[in-house]
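Worksheet: one structure, shown below.
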Amino acid sequence: MLILTYIAVIASAASGSLEARKNEMDIVGATTIALVTAFGGGTIRDLLLGRTPVFWVLDPGLTIAAFIVGALSYYRLERISNRLFTIVDAIGLGLFSILGATYTLQLELSPIVAVLMGVVTGVFGGVLRDLFCNRIPNIFRHNTELYATCSFVGTCLFVFLIWIDTDHFLASMISAGTIFILRLAAVRFRMTLPRP
Amino acid sequence: MLILTYIAVIASAASGSLEARKNEMDIVGATTIALVTAFGGGTIRDLLLGRTPVFWVLDPGLTIAAFIVGALSYYRLERISNRLFTIVDAIGLGLFSILGATYTLQLELSPIVAVLMGVVTGVFGGVLRDLFCNRIPNIFRHNTELYATCSFVGTCLFVFLIWIDTDHFLASMISAGTIFILRLAAVRFRMTLPRP
Amino acid sequence: MLILTYIAVIASAASGSLEARKNEMDIVGATTIALVTAFGGGTIRDLLLGRTPVFWVLDPGLTIAAFIVGALSYYRLERISNRLFTIVDAIGLGLFSILGATYTLQLELSPIVAVLMGVVTGVFGGVLRDLFCNRIPNIFRHNTELYATCSFVGTCLFVFLIWIDTDHFLASMISAGTIFILRLAAVRFRMTLPRP
């Protein structure tokens with residue numbers, strides 16, 4: 001689990017850093033955007049739930065990892081295979097979503113809030129990254145393949161599994177796996193949401 | 001009071017959702033912007049004051065209402081009469097402002113902070129909506145009719161009424177009413193603030 | 001120390017207000033941006049660390065000062081000498097950074113987090129100001145002279161000095177002074193960070 005979290009954080013940090021480079025930022029911008037992308041979703045979740053100090057403040061190892069990955073990606077990473085990037089990012093989406101829902105249920109808050117916090121944890125890193133890069137968040141636009149929706153479906157499944165008393169680890173793996181597969185399928189088949 | 005809160009939340013959610021549609025967002029963007037517009041001001045107030053978990057996390061009914069209204073407005077609402085919209089939005093501005101000031105006074109913080117939190121609660125939903133839509137917040141621009149100013153005047157009145165020991169319900173109604181009427185007058189007579 | 005804090009807050013508020021005027025905002029926008037620039041960094045630090053209510057909520061004097069300075073700068077300030085502005089801003093950068101690190105160490109959090117919080121406190125007021133003005137934050141761009149970097153170096157020095165048991169006041173003065181001088185040198189010699 002810890003290894004998977006590090007993978008997710010590293011993937012997000014690299015994505016943020018590359019995005020910063022595209023936007024003509026310097027290394028300060030790149031490492032900041034890397035941290036924002038990696039920790040943004042979980043930070044908003046922790047603030048809304050009142051779990052402070054926020055998670056990465058209590059785990060400097062994660063912060064250092066994201067910082068170093070952000071800096072290396074900025075200077076050294078030529079390009080990254082789109083396919084690899086989508087896979088690693090989908091792992092992160094699944095894990096972060098389930099973690100967000102888990103923490104909310106631990107506070108004995110309602111399942112509806114747990115789903116919402118799962119989605120927030122999963123997607124708001126990317127939303128904040130786009131805000132700092134001064135554009136409308138990517139996942140809010142037409143023509144973007146399902147992203148928040150995958151997180152939503154998987155987190156609903158997770159809350160349901162916990163509600164019927166499934167083992168926590170098993171429920172996490174099933175739900176994160178569902179999000180992962182849904183996201184890959186959405187990219188593969190270019191699935192989008194209906195227009196008004 | 002609860003009914004009025006729901007009206008205010010519904011009005012904000014609908015406004016956020018329509019704004020999202022104008023900006024070519026999909027349903028994920030529309031419901032997110034709906035929630036941000038409806039809960040943004042109160043959320044910032046709660047975070048600054050340390051009232052966590054924030055209010056809507058503890059009241060899933062509100063969250064569901066905002067979510068459904070956001071989704072319906074996106075797909076079903078053809079257009080909304082400008083006049084009706086201004087009226088409902090002005091009700092929300094009045095209520096949210098007074099609620100923000102009330103919560104601050106309950107924490108025995110200074111009246112100055114109460115006024116500030118009242119204004120923040122009243123207007124920051126719209127400010128965050130505009131940030132997510134990637135533009136300078138509407139209420140900060142020249143040529144916008146008085147908006148934050150109405151909230152400011154009404155909240156000052158409220159704090160004064162409480163200070164001279166007026167009954168809380170009476171003070172709330174007078175102040176929210178003042179904000180409501182000021183806002184309608186500002187729109188009707190196109191009142192703006194002096195340029196430098 | 002208190003006098004220096006007021007100087008830093010006043011400088012930030014004036015800078016925010018002038019920026020708002022450049023962006024065609026009205027007085028509501030100007031005072032909001034003034035408050036955001038003056039208190040943004042410390043607010044984010046307090047939220048992340050869980051120090052709520054945030055600092056300026058507990059010190060209405062600071063809030064009033066920033067508000068009045070913001071309003072006066074908007075209507076009355078013709079222009080400000082670039083050199084004076086850079087000097088006052090550099091004082092603020094130094095003080096805010098050291099304050100951020102000090103509060104973090106008081107909570108017995110890791111030195112790495114202390115450095116990060118120092119930088120956040122020092123620079124995020126300006127970052128939020130730029131976000132509200134709808135542009136990519138200035139300090140993230142190529143061709144900007146070292147800014148966050150000065151804060152980073154000085155805060156690292158501060159954490160080191162505290163670690164070897166230097167007197168707190170002495171360590172603060174040395175580190176804030178270092179940040180101040182580094183920043184002036186960066187502007188004077190147009191020092192920037194290497195491109196990828």
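Identifiers for the structure tokens are assigned positionally: chains receive A, B, ... in sequence, residues are indexed from 1 per chain, and ligands are indexed from 1 in the order shown.
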
Spatial neighbours of Ile174 in chain C, 9 Å, only C-alpha atoms, chain gap at least 3 places, as a PyMOL selection string: chain C and resi 154+157-158+169-171+177-179

Limited to all heavy atoms, could you put the picked residues into a file as a PDB file, in the first residue's frame?
```pdb
ATOM      1  N   GLY C 154      17.433  31.267   2.869  1.00  0.00           N
ATOM      2  CA  GLY C 154      17.410  31.878   4.196  1.00  0.00           C
ATOM      3  C   GLY C 154      16.713  31.013   5.229  1.00  0.00           C
ATOM      4  O   GLY C 154      17.139  30.941   6.392  1.00  0.00           O
ATOM      5  N   LEU C 157      18.969  28.196   6.230  1.00  0.00           N
ATOM      6  CA  LEU C 157      19.944  28.733   7.175  1.00  0.00           C
ATOM      7  C   LEU C 157      19.337  28.864   8.571  1.00  0.00           C
ATOM      8  O   LEU C 157      19.946  28.465   9.578  1.00  0.00           O
ATOM      9  CB  LEU C 157      20.426  30.104   6.675  1.00  0.00           C
ATOM     10  CG  LEU C 157      21.388  30.862   7.606  1.00  0.00           C
ATOM     11  CD1 LEU C 157      22.685  30.091   7.792  1.00  0.00           C
ATOM     12  CD2 LEU C 157      21.672  32.266   7.063  1.00  0.00           C
ATOM     13  N   PHE C 158      18.127  29.375   8.638  1.00  0.00           N
ATOM     14  CA  PHE C 158      17.450  29.565   9.923  1.00  0.00           C
ATOM     15  C   PHE C 158      17.264  28.237  10.653  1.00  0.00           C
ATOM     16  O   PHE C 158      17.585  28.118  11.839  1.00  0.00           O
ATOM     17  CB  PHE C 158      16.090  30.233   9.692  1.00  0.00           C
ATOM     18  CG  PHE C 158      15.264  30.364  10.927  1.00  0.00           C
ATOM     19  CD1 PHE C 158      15.593  31.294  11.911  1.00  0.00           C
ATOM     20  CD2 PHE C 158      14.140  29.564  11.128  1.00  0.00           C
ATOM     21  CE1 PHE C 158      14.827  31.428  13.058  1.00  0.00           C
ATOM     22  CE2 PHE C 158      13.379  29.689  12.280  1.00  0.00           C
ATOM     23  CZ  PHE C 158      13.728  30.615  13.241  1.00  0.00           C
ATOM     24  N   PHE C 169      16.281  34.897  18.556  1.00  0.00           N
ATOM     25  CA  PHE C 169      16.215  36.241  17.974  1.00  0.00           C
ATOM     26  C   PHE C 169      17.387  36.483  17.022  1.00  0.00           C
ATOM     27  O   PHE C 169      17.217  36.996  15.908  1.00  0.00           O
ATOM     28  CB  PHE C 169      16.221  37.296  19.086  1.00  0.00           C
ATOM     29  CG  PHE C 169      16.098  38.692  18.561  1.00  0.00           C
ATOM     30  CD1 PHE C 169      14.862  39.180  18.119  1.00  0.00           C
ATOM     31  CD2 PHE C 169      17.205  39.525  18.473  1.00  0.00           C
ATOM     32  CE1 PHE C 169      14.747  40.460  17.615  1.00  0.00           C
ATOM     33  CE2 PHE C 169      17.096  40.810  17.963  1.00  0.00           C
ATOM     34  CZ  PHE C 169      15.864  41.281  17.544  1.00  0.00           C
ATOM     35  N   LEU C 170      18.572  36.050  17.452  1.00  0.00           N
ATOM     36  CA  LEU C 170      19.763  36.206  16.620  1.00  0.00           C
ATOM     37  C   LEU C 170      19.606  35.436  15.304  1.00  0.00           C
ATOM     38  O   LEU C 170      19.859  35.977  14.216  1.00  0.00           O
ATOM     39  CB  LEU C 170      20.981  35.683  17.398  1.00  0.00           C
ATOM     40  CG  LEU C 170      22.339  35.948  16.747  1.00  0.00           C
ATOM     41  CD1 LEU C 170      22.646  37.435  16.737  1.00  0.00           C
ATOM     42  CD2 LEU C 170      23.437  35.177  17.467  1.00  0.00           C
ATOM     43  N   ALA C 171      19.169  34.174  15.416  1.00  0.00           N
ATOM     44  CA  ALA C 171      18.987  33.353  14.219  1.00  0.00           C
ATOM     45  C   ALA C 171      17.987  34.009  13.262  1.00  0.00           C
ATOM     46  O   ALA C 171      18.193  34.025  12.041  1.00  0.00           O
ATOM     47  CB  ALA C 171      18.504  31.956  14.622  1.00  0.00           C
ATOM     48  N   GLY C 177      17.861  38.743   7.405  1.00  0.00           N
ATOM     49  CA  GLY C 177      18.812  39.623   6.733  1.00  0.00           C
ATOM     50  C   GLY C 177      19.393  38.981   5.481  1.00  0.00           C
ATOM     51  O   GLY C 177      19.558  39.637   4.444  1.00  0.00           O
ATOM     52  N   THR C 178      19.707  37.688   5.578  1.00  0.00           N
ATOM     53  CA  THR C 178      20.239  36.976   4.417  1.00  0.00           C
ATOM     54  C   THR C 178      19.243  36.988   3.266  1.00  0.00           C
ATOM     55  O   THR C 178      19.605  37.235   2.102  1.00  0.00           O
ATOM     56  CB  THR C 178      20.554  35.514   4.806  1.00  0.00           C
ATOM     57  OG1 THR C 178      21.426  35.520   5.929  1.00  0.00           O
ATOM     58  CG2 THR C 178      21.194  34.770   3.650  1.00  0.00           C
ATOM     59  N   ILE C 179      17.974  36.708   3.588  1.00  0.00           N
ATOM     60  CA  ILE C 179      16.945  36.706   2.546  1.00  0.00           C
ATOM     61  C   ILE C 179      16.856  38.089   1.913  1.00  0.00           C
ATOM     62  O   ILE C 179      16.805  38.231   0.684  1.00  0.00           O
ATOM     63  CB  ILE C 179      15.582  36.297   3.139  1.00  0.00           C
ATOM     64  CG1 ILE C 179      15.632  34.854   3.622  1.00  0.00           C
ATOM     65  CG2 ILE C 179      14.460  36.491   2.132  1.00  0.00           C
ATOM     66  CD1 ILE C 179      14.403  34.394   4.382  1.00  0.00           C
TER      67      ILE C 179
END
```

Can you work out which residues from chain A touch chain B at a cut-off of 9 Å (counting only C-alpha atoms) and hand them back as a list in words?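 Using only C-alpha atoms, chain A residues at most 9 Å from chain B: Leu47, Leu48, Leu49, Gly50, Arg51, Leu109, Ser110, Ile112, Val113, Val127, Leu131, Asn134, Arg135, Ile136, Pro137, Ile139, Phe140, Arg141, His142, Asn143, Thr144, Ala148, Thr149, Thr192, Leu193, Pro194, Arg195 and Pro196 of chain A.
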
Closest of C:Gly41, C:Gly16, C:Gly94, C:Gly70 to Leu4 in chain C - atom-to-atom distances counting only C-alpha atoms: C:Gly94

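Atom pair CA of Glu108 in chain A / CA of Tyr147 in chain A: separated by 26.9 Å.
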
Nearest to Asn138 in chain A, chosen from A:Leu107, A:Val123, A:Cys156, A:Leu93, with only C-alpha atoms counted in the distances: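 Closest to Asn138 in chain A of all the choices is A:Val123.
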
Check range 82-163 of chain C with DSSP on the backbone and list each residue it calls alpha helix (DSSP H), as a PDB file with N, CA and C atoms, in the first residue's frame.
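For reference, part.pdb as written:
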```pdb
ATOM      1  N   ASN C  82      10.125  52.162  -7.777  1.00  0.00           N
ATOM      2  CA  ASN C  82      10.434  50.740  -7.895  1.00  0.00           C
ATOM      3  C   ASN C  82      11.433  50.300  -6.843  1.00  0.00           C
ATOM      4  N   ARG C  83      12.438  51.155  -6.609  1.00  0.00           N
ATOM      5  CA  ARG C  83      13.486  50.777  -5.677  1.00  0.00           C
ATOM      6  C   ARG C  83      12.919  50.647  -4.264  1.00  0.00           C
ATOM      7  N   LEU C  84      12.129  51.641  -3.839  1.00  0.00           N
ATOM      8  CA  LEU C  84      11.519  51.576  -2.513  1.00  0.00           C
ATOM      9  C   LEU C  84      10.654  50.333  -2.390  1.00  0.00           C
ATOM     10  N   PHE C  85       9.876  50.062  -3.443  1.00  0.00           N
ATOM     11  CA  PHE C  85       8.990  48.919  -3.390  1.00  0.00           C
ATOM     12  C   PHE C  85       9.764  47.620  -3.222  1.00  0.00           C
ATOM     13  N   THR C  86      10.830  47.455  -3.982  1.00  0.00           N
ATOM     14  CA  THR C  86      11.630  46.232  -3.895  1.00  0.00           C
ATOM     15  C   THR C  86      12.202  46.060  -2.493  1.00  0.00           C
ATOM     16  N   ILE C  87      12.650  47.163  -1.901  1.00  0.00           N
ATOM     17  CA  ILE C  87      13.244  47.072  -0.562  1.00  0.00           C
ATOM     18  C   ILE C  87      12.197  46.649   0.473  1.00  0.00           C
ATOM     19  N   VAL C  88      11.051  47.332   0.466  1.00  0.00           N
ATOM     20  CA  VAL C  88      10.024  47.001   1.453  1.00  0.00           C
ATOM     21  C   VAL C  88       9.523  45.576   1.245  1.00  0.00           C
ATOM     22  N   ASP C  89       9.357  45.196  -0.024  1.00  0.00           N
ATOM     23  CA  ASP C  89       8.893  43.839  -0.311  1.00  0.00           C
ATOM     24  C   ASP C  89       9.906  42.799   0.161  1.00  0.00           C
ATOM     25  N   ALA C  90      11.184  43.096   0.019  1.00  0.00           N
ATOM     26  CA  ALA C  90      12.225  42.149   0.455  1.00  0.00           C
ATOM     27  C   ALA C  90      12.235  42.012   1.980  1.00  0.00           C
ATOM     28  N   ILE C  91      11.953  43.117   2.695  1.00  0.00           N
ATOM     29  CA  ILE C  91      11.808  43.017   4.151  1.00  0.00           C
ATOM     30  C   ILE C  91      10.687  42.049   4.495  1.00  0.00           C
ATOM     31  N   GLY C  92       9.558  42.209   3.811  1.00  0.00           N
ATOM     32  CA  GLY C  92       8.414  41.334   4.051  1.00  0.00           C
ATOM     33  C   GLY C  92       8.739  39.884   3.757  1.00  0.00           C
ATOM     34  N   LEU C  93       9.428  39.644   2.639  1.00  0.00           N
ATOM     35  CA  LEU C  93       9.787  38.273   2.268  1.00  0.00           C
ATOM     36  C   LEU C  93      10.619  37.627   3.369  1.00  0.00           C
ATOM     37  N   GLY C  94      11.602  38.358   3.870  1.00  0.00           N
ATOM     38  CA  GLY C  94      12.467  37.821   4.924  1.00  0.00           C
ATOM     39  C   GLY C  94      11.692  37.527   6.199  1.00  0.00           C
ATOM     40  N   LEU C  95      10.905  38.509   6.650  1.00  0.00           N
ATOM     41  CA  LEU C  95      10.178  38.337   7.911  1.00  0.00           C
ATOM     42  C   LEU C  95       9.152  37.220   7.842  1.00  0.00           C
ATOM     43  N   PHE C  96       8.338  37.241   6.780  1.00  0.00           N
ATOM     44  CA  PHE C  96       7.284  36.232   6.658  1.00  0.00           C
ATOM     45  C   PHE C  96       7.885  34.831   6.608  1.00  0.00           C
ATOM     46  N   SER C  97       8.992  34.660   5.876  1.00  0.00           N
ATOM     47  CA  SER C  97       9.597  33.335   5.760  1.00  0.00           C
ATOM     48  C   SER C  97      10.034  32.822   7.126  1.00  0.00           C
ATOM     49  N   ILE C  98      10.719  33.689   7.898  1.00  0.00           N
ATOM     50  CA  ILE C  98      11.223  33.248   9.199  1.00  0.00           C
ATOM     51  C   ILE C  98      10.065  32.975  10.164  1.00  0.00           C
ATOM     52  N   LEU C  99       9.016  33.830  10.104  1.00  0.00           N
ATOM     53  CA  LEU C  99       7.838  33.585  10.949  1.00  0.00           C
ATOM     54  C   LEU C  99       7.222  32.225  10.635  1.00  0.00           C
ATOM     55  N   GLY C 100       7.097  31.912   9.346  1.00  0.00           N
ATOM     56  CA  GLY C 100       6.497  30.630   8.944  1.00  0.00           C
ATOM     57  C   GLY C 100       7.289  29.453   9.490  1.00  0.00           C
ATOM     58  N   ALA C 101       8.623  29.527   9.372  1.00  0.00           N
ATOM     59  CA  ALA C 101       9.460  28.434   9.866  1.00  0.00           C
ATOM     60  C   ALA C 101       9.380  28.329  11.387  1.00  0.00           C
ATOM     61  N   THR C 102       9.340  29.500  12.057  1.00  0.00           N
ATOM     62  CA  THR C 102       9.278  29.502  13.521  1.00  0.00           C
ATOM     63  C   THR C 102       8.022  28.799  14.024  1.00  0.00           C
ATOM     64  N   TYR C 103       6.863  29.164  13.457  1.00  0.00           N
ATOM     65  CA  TYR C 103       5.609  28.543  13.900  1.00  0.00           C
ATOM     66  C   TYR C 103       5.645  27.034  13.691  1.00  0.00           C
ATOM     67  N   THR C 104       6.239  26.594  12.570  1.00  0.00           N
ATOM     68  CA  THR C 104       6.279  25.159  12.286  1.00  0.00           C
ATOM     69  C   THR C 104       7.153  24.435  13.303  1.00  0.00           C
ATOM     70  N   LEU C 105       8.308  25.021  13.613  1.00  0.00           N
ATOM     71  CA  LEU C 105       9.190  24.384  14.596  1.00  0.00           C
ATOM     72  C   LEU C 105       8.539  24.342  15.975  1.00  0.00           C
ATOM     73  N   GLN C 106       7.742  25.375  16.304  1.00  0.00           N
ATOM     74  CA  GLN C 106       7.032  25.388  17.587  1.00  0.00           C
ATOM     75  C   GLN C 106       6.097  24.182  17.723  1.00  0.00           C
ATOM     76  N   PRO C 111      12.124  19.626  10.278  1.00  0.00           N
ATOM     77  CA  PRO C 111      12.808  20.793   9.708  1.00  0.00           C
ATOM     78  C   PRO C 111      12.471  20.980   8.229  1.00  0.00           C
ATOM     79  N   ILE C 112      12.265  19.881   7.506  1.00  0.00           N
ATOM     80  CA  ILE C 112      11.931  19.977   6.085  1.00  0.00           C
ATOM     81  C   ILE C 112      10.607  20.704   5.908  1.00  0.00           C
ATOM     82  N   VAL C 113       9.646  20.348   6.731  1.00  0.00           N
ATOM     83  CA  VAL C 113       8.355  21.016   6.674  1.00  0.00           C
ATOM     84  C   VAL C 113       8.499  22.479   7.075  1.00  0.00           C
ATOM     85  N   ALA C 114       9.390  22.754   8.034  1.00  0.00           N
ATOM     86  CA  ALA C 114       9.601  24.133   8.462  1.00  0.00           C
ATOM     87  C   ALA C 114      10.108  24.986   7.306  1.00  0.00           C
ATOM     88  N   VAL C 115      11.039  24.448   6.531  1.00  0.00           N
ATOM     89  CA  VAL C 115      11.556  25.194   5.378  1.00  0.00           C
ATOM     90  C   VAL C 115      10.430  25.449   4.375  1.00  0.00           C
ATOM     91  N   LEU C 116       9.665  24.391   4.094  1.00  0.00           N
ATOM     92  CA  LEU C 116       8.567  24.509   3.134  1.00  0.00           C
ATOM     93  C   LEU C 116       7.558  25.554   3.589  1.00  0.00           C
ATOM     94  N   MET C 117       7.199  25.534   4.861  1.00  0.00           N
ATOM     95  CA  MET C 117       6.212  26.481   5.390  1.00  0.00           C
ATOM     96  C   MET C 117       6.776  27.900   5.386  1.00  0.00           C
ATOM     97  N   GLY C 118       8.081  28.022   5.612  1.00  0.00           N
ATOM     98  CA  GLY C 118       8.704  29.335   5.519  1.00  0.00           C
ATOM     99  C   GLY C 118       8.534  29.912   4.120  1.00  0.00           C
ATOM    100  N   VAL C 119       8.855  29.092   3.118  1.00  0.00           N
ATOM    101  CA  VAL C 119       8.739  29.569   1.738  1.00  0.00           C
ATOM    102  C   VAL C 119       7.273  29.879   1.408  1.00  0.00           C
ATOM    103  N   VAL C 120       6.368  28.983   1.808  1.00  0.00           N
ATOM    104  CA  VAL C 120       4.937  29.201   1.533  1.00  0.00           C
ATOM    105  C   VAL C 120       4.475  30.527   2.140  1.00  0.00           C
ATOM    106  N   THR C 121       4.844  30.756   3.409  1.00  0.00           N
ATOM    107  CA  THR C 121       4.439  31.999   4.068  1.00  0.00           C
ATOM    108  C   THR C 121       5.011  33.212   3.341  1.00  0.00           C
ATOM    109  N   GLY C 122       6.249  33.087   2.875  1.00  0.00           N
ATOM    110  CA  GLY C 122       6.901  34.212   2.223  1.00  0.00           C
ATOM    111  C   GLY C 122       6.330  34.545   0.861  1.00  0.00           C
ATOM    112  N   VAL C 123       6.004  33.517   0.073  1.00  0.00           N
ATOM    113  CA  VAL C 123       5.693  33.797  -1.334  1.00  0.00           C
ATOM    114  C   VAL C 123       4.234  33.607  -1.752  1.00  0.00           C
ATOM    115  N   PHE C 124       3.407  32.874  -0.966  1.00  0.00           N
ATOM    116  CA  PHE C 124       2.081  32.547  -1.483  1.00  0.00           C
ATOM    117  C   PHE C 124       1.089  33.708  -1.499  1.00  0.00           C
ATOM    118  N   GLY C 125       1.364  34.771  -0.745  1.00  0.00           N
ATOM    119  CA  GLY C 125       0.535  35.966  -0.896  1.00  0.00           C
ATOM    120  C   GLY C 125       0.559  36.460  -2.335  1.00  0.00           C
ATOM    121  N   GLY C 126       1.764  36.566  -2.887  1.00  0.00           N
ATOM    122  CA  GLY C 126       1.912  37.016  -4.271  1.00  0.00           C
ATOM    123  C   GLY C 126       1.353  36.019  -5.269  1.00  0.00           C
ATOM    124  N   VAL C 127       1.488  34.718  -4.957  1.00  0.00           N
ATOM    125  CA  VAL C 127       0.954  33.694  -5.857  1.00  0.00           C
ATOM    126  C   VAL C 127      -0.573  33.802  -5.931  1.00  0.00           C
ATOM    127  N   LEU C 128      -1.225  33.935  -4.776  1.00  0.00           N
ATOM    128  CA  LEU C 128      -2.683  34.062  -4.763  1.00  0.00           C
ATOM    129  C   LEU C 128      -3.110  35.354  -5.458  1.00  0.00           C
ATOM    130  N   ARG C 129      -2.375  36.447  -5.216  1.00  0.00           N
ATOM    131  CA  ARG C 129      -2.677  37.715  -5.901  1.00  0.00           C
ATOM    132  C   ARG C 129      -2.711  37.500  -7.414  1.00  0.00           C
ATOM    133  N   ASP C 130      -1.710  36.791  -7.935  1.00  0.00           N
ATOM    134  CA  ASP C 130      -1.658  36.579  -9.380  1.00  0.00           C
ATOM    135  C   ASP C 130      -2.790  35.679  -9.863  1.00  0.00           C
ATOM    136  N   LEU C 131      -3.153  34.674  -9.054  1.00  0.00           N
ATOM    137  CA  LEU C 131      -4.272  33.810  -9.437  1.00  0.00           C
ATOM    138  C   LEU C 131      -5.557  34.621  -9.547  1.00  0.00           C
ATOM    139  N   PHE C 132      -5.822  35.503  -8.564  1.00  0.00           N
ATOM    140  CA  PHE C 132      -7.028  36.317  -8.598  1.00  0.00           C
ATOM    141  C   PHE C 132      -7.000  37.292  -9.780  1.00  0.00           C
ATOM    142  N   ALA C 148      11.462  33.036  -4.563  1.00  0.00           N
ATOM    143  CA  ALA C 148      11.257  31.901  -3.668  1.00  0.00           C
ATOM    144  C   ALA C 148      12.602  31.297  -3.262  1.00  0.00           C
ATOM    145  N   THR C 149      13.561  31.341  -4.175  1.00  0.00           N
ATOM    146  CA  THR C 149      14.874  30.771  -3.892  1.00  0.00           C
ATOM    147  C   THR C 149      15.566  31.487  -2.732  1.00  0.00           C
ATOM    148  N   CYS C 150      15.449  32.817  -2.669  1.00  0.00           N
ATOM    149  CA  CYS C 150      16.040  33.573  -1.559  1.00  0.00           C
ATOM    150  C   CYS C 150      15.411  33.118  -0.246  1.00  0.00           C
ATOM    151  N   SER C 151      14.080  33.000  -0.278  1.00  0.00           N
ATOM    152  CA  SER C 151      13.366  32.561   0.912  1.00  0.00           C
ATOM    153  C   SER C 151      13.820  31.161   1.321  1.00  0.00           C
ATOM    154  N   PHE C 152      14.008  30.283   0.331  1.00  0.00           N
ATOM    155  CA  PHE C 152      14.417  28.906   0.591  1.00  0.00           C
ATOM    156  C   PHE C 152      15.796  28.867   1.252  1.00  0.00           C
ATOM    157  N   VAL C 153      16.746  29.591   0.691  1.00  0.00           N
ATOM    158  CA  VAL C 153      18.104  29.595   1.235  1.00  0.00           C
ATOM    159  C   VAL C 153      18.110  30.139   2.668  1.00  0.00           C
ATOM    160  N   GLY C 154      17.433  31.267   2.869  1.00  0.00           N
ATOM    161  CA  GLY C 154      17.410  31.878   4.196  1.00  0.00           C
ATOM    162  C   GLY C 154      16.713  31.013   5.229  1.00  0.00           C
ATOM    163  N   THR C 155      15.636  30.338   4.815  1.00  0.00           N
ATOM    164  CA  THR C 155      14.919  29.498   5.766  1.00  0.00           C
ATOM    165  C   THR C 155      15.737  28.262   6.124  1.00  0.00           C
ATOM    166  N   CYS C 156      16.450  27.694   5.141  1.00  0.00           N
ATOM    167  CA  CYS C 156      17.352  26.576   5.438  1.00  0.00           C
ATOM    168  C   CYS C 156      18.405  27.020   6.463  1.00  0.00           C
ATOM    169  N   LEU C 157      18.969  28.196   6.230  1.00  0.00           N
ATOM    170  CA  LEU C 157      19.944  28.733   7.175  1.00  0.00           C
ATOM    171  C   LEU C 157      19.337  28.864   8.571  1.00  0.00           C
ATOM    172  N   PHE C 158      18.127  29.375   8.638  1.00  0.00           N
ATOM    173  CA  PHE C 158      17.450  29.565   9.923  1.00  0.00           C
ATOM    174  C   PHE C 158      17.264  28.237  10.653  1.00  0.00           C
ATOM    175  N   VAL C 159      16.770  27.239   9.925  1.00  0.00           N
ATOM    176  CA  VAL C 159      16.537  25.937  10.545  1.00  0.00           C
ATOM    177  C   VAL C 159      17.860  25.350  11.042  1.00  0.00           C
ATOM    178  N   PHE C 160      18.926  25.549  10.254  1.00  0.00           N
ATOM    179  CA  PHE C 160      20.239  25.068  10.677  1.00  0.00           C
ATOM    180  C   PHE C 160      20.708  25.788  11.945  1.00  0.00           C
ATOM    181  N   LEU C 161      20.549  27.106  11.963  1.00  0.00           N
ATOM    182  CA  LEU C 161      20.989  27.877  13.136  1.00  0.00           C
ATOM    183  C   LEU C 161      20.235  27.453  14.401  1.00  0.00           C
ATOM    184  N   ILE C 162      18.933  27.221  14.245  1.00  0.00           N
ATOM    185  CA  ILE C 162      18.151  26.770  15.397  1.00  0.00           C
ATOM    186  C   ILE C 162      18.612  25.385  15.838  1.00  0.00           C
ATOM    187  N   TRP C 163      18.953  24.562  14.854  1.00  0.00           N
ATOM    188  CA  TRP C 163      19.351  23.196  15.142  1.00  0.00           C
ATOM    189  C   TRP C 163      20.647  23.162  15.952  1.00  0.00           C
TER     190      TRP C 163
END
```

In Å, how far is it from CA of Tyr6 in chain C to CA of Ala65 in chain C?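 Going from CA of Tyr6 in chain C over to CA of Ala65 in chain C, I get 8.0 Å.
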
Mind checking which residues fall within 9 Å of Ile10 in chain B, counting only C-alpha atoms, ignoring those fewer than 5 positions away in the same chain, and posting them as a PyMOL selection string? chain B and resi 5+15+34+38+62+65-66+69-70

State, in Å with one decimal place, the distance from CA of Ile164 in chain A to CA of Arg45 in chain A. 24.8 Å

Between A:Ile7, A:His168, A:Val187, A:Val36, which has the minimum distance to Glu19 in chain A (counting only C-alpha atoms)?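 The answer is A:Val36, which sits nearest to Glu19 in chain A.
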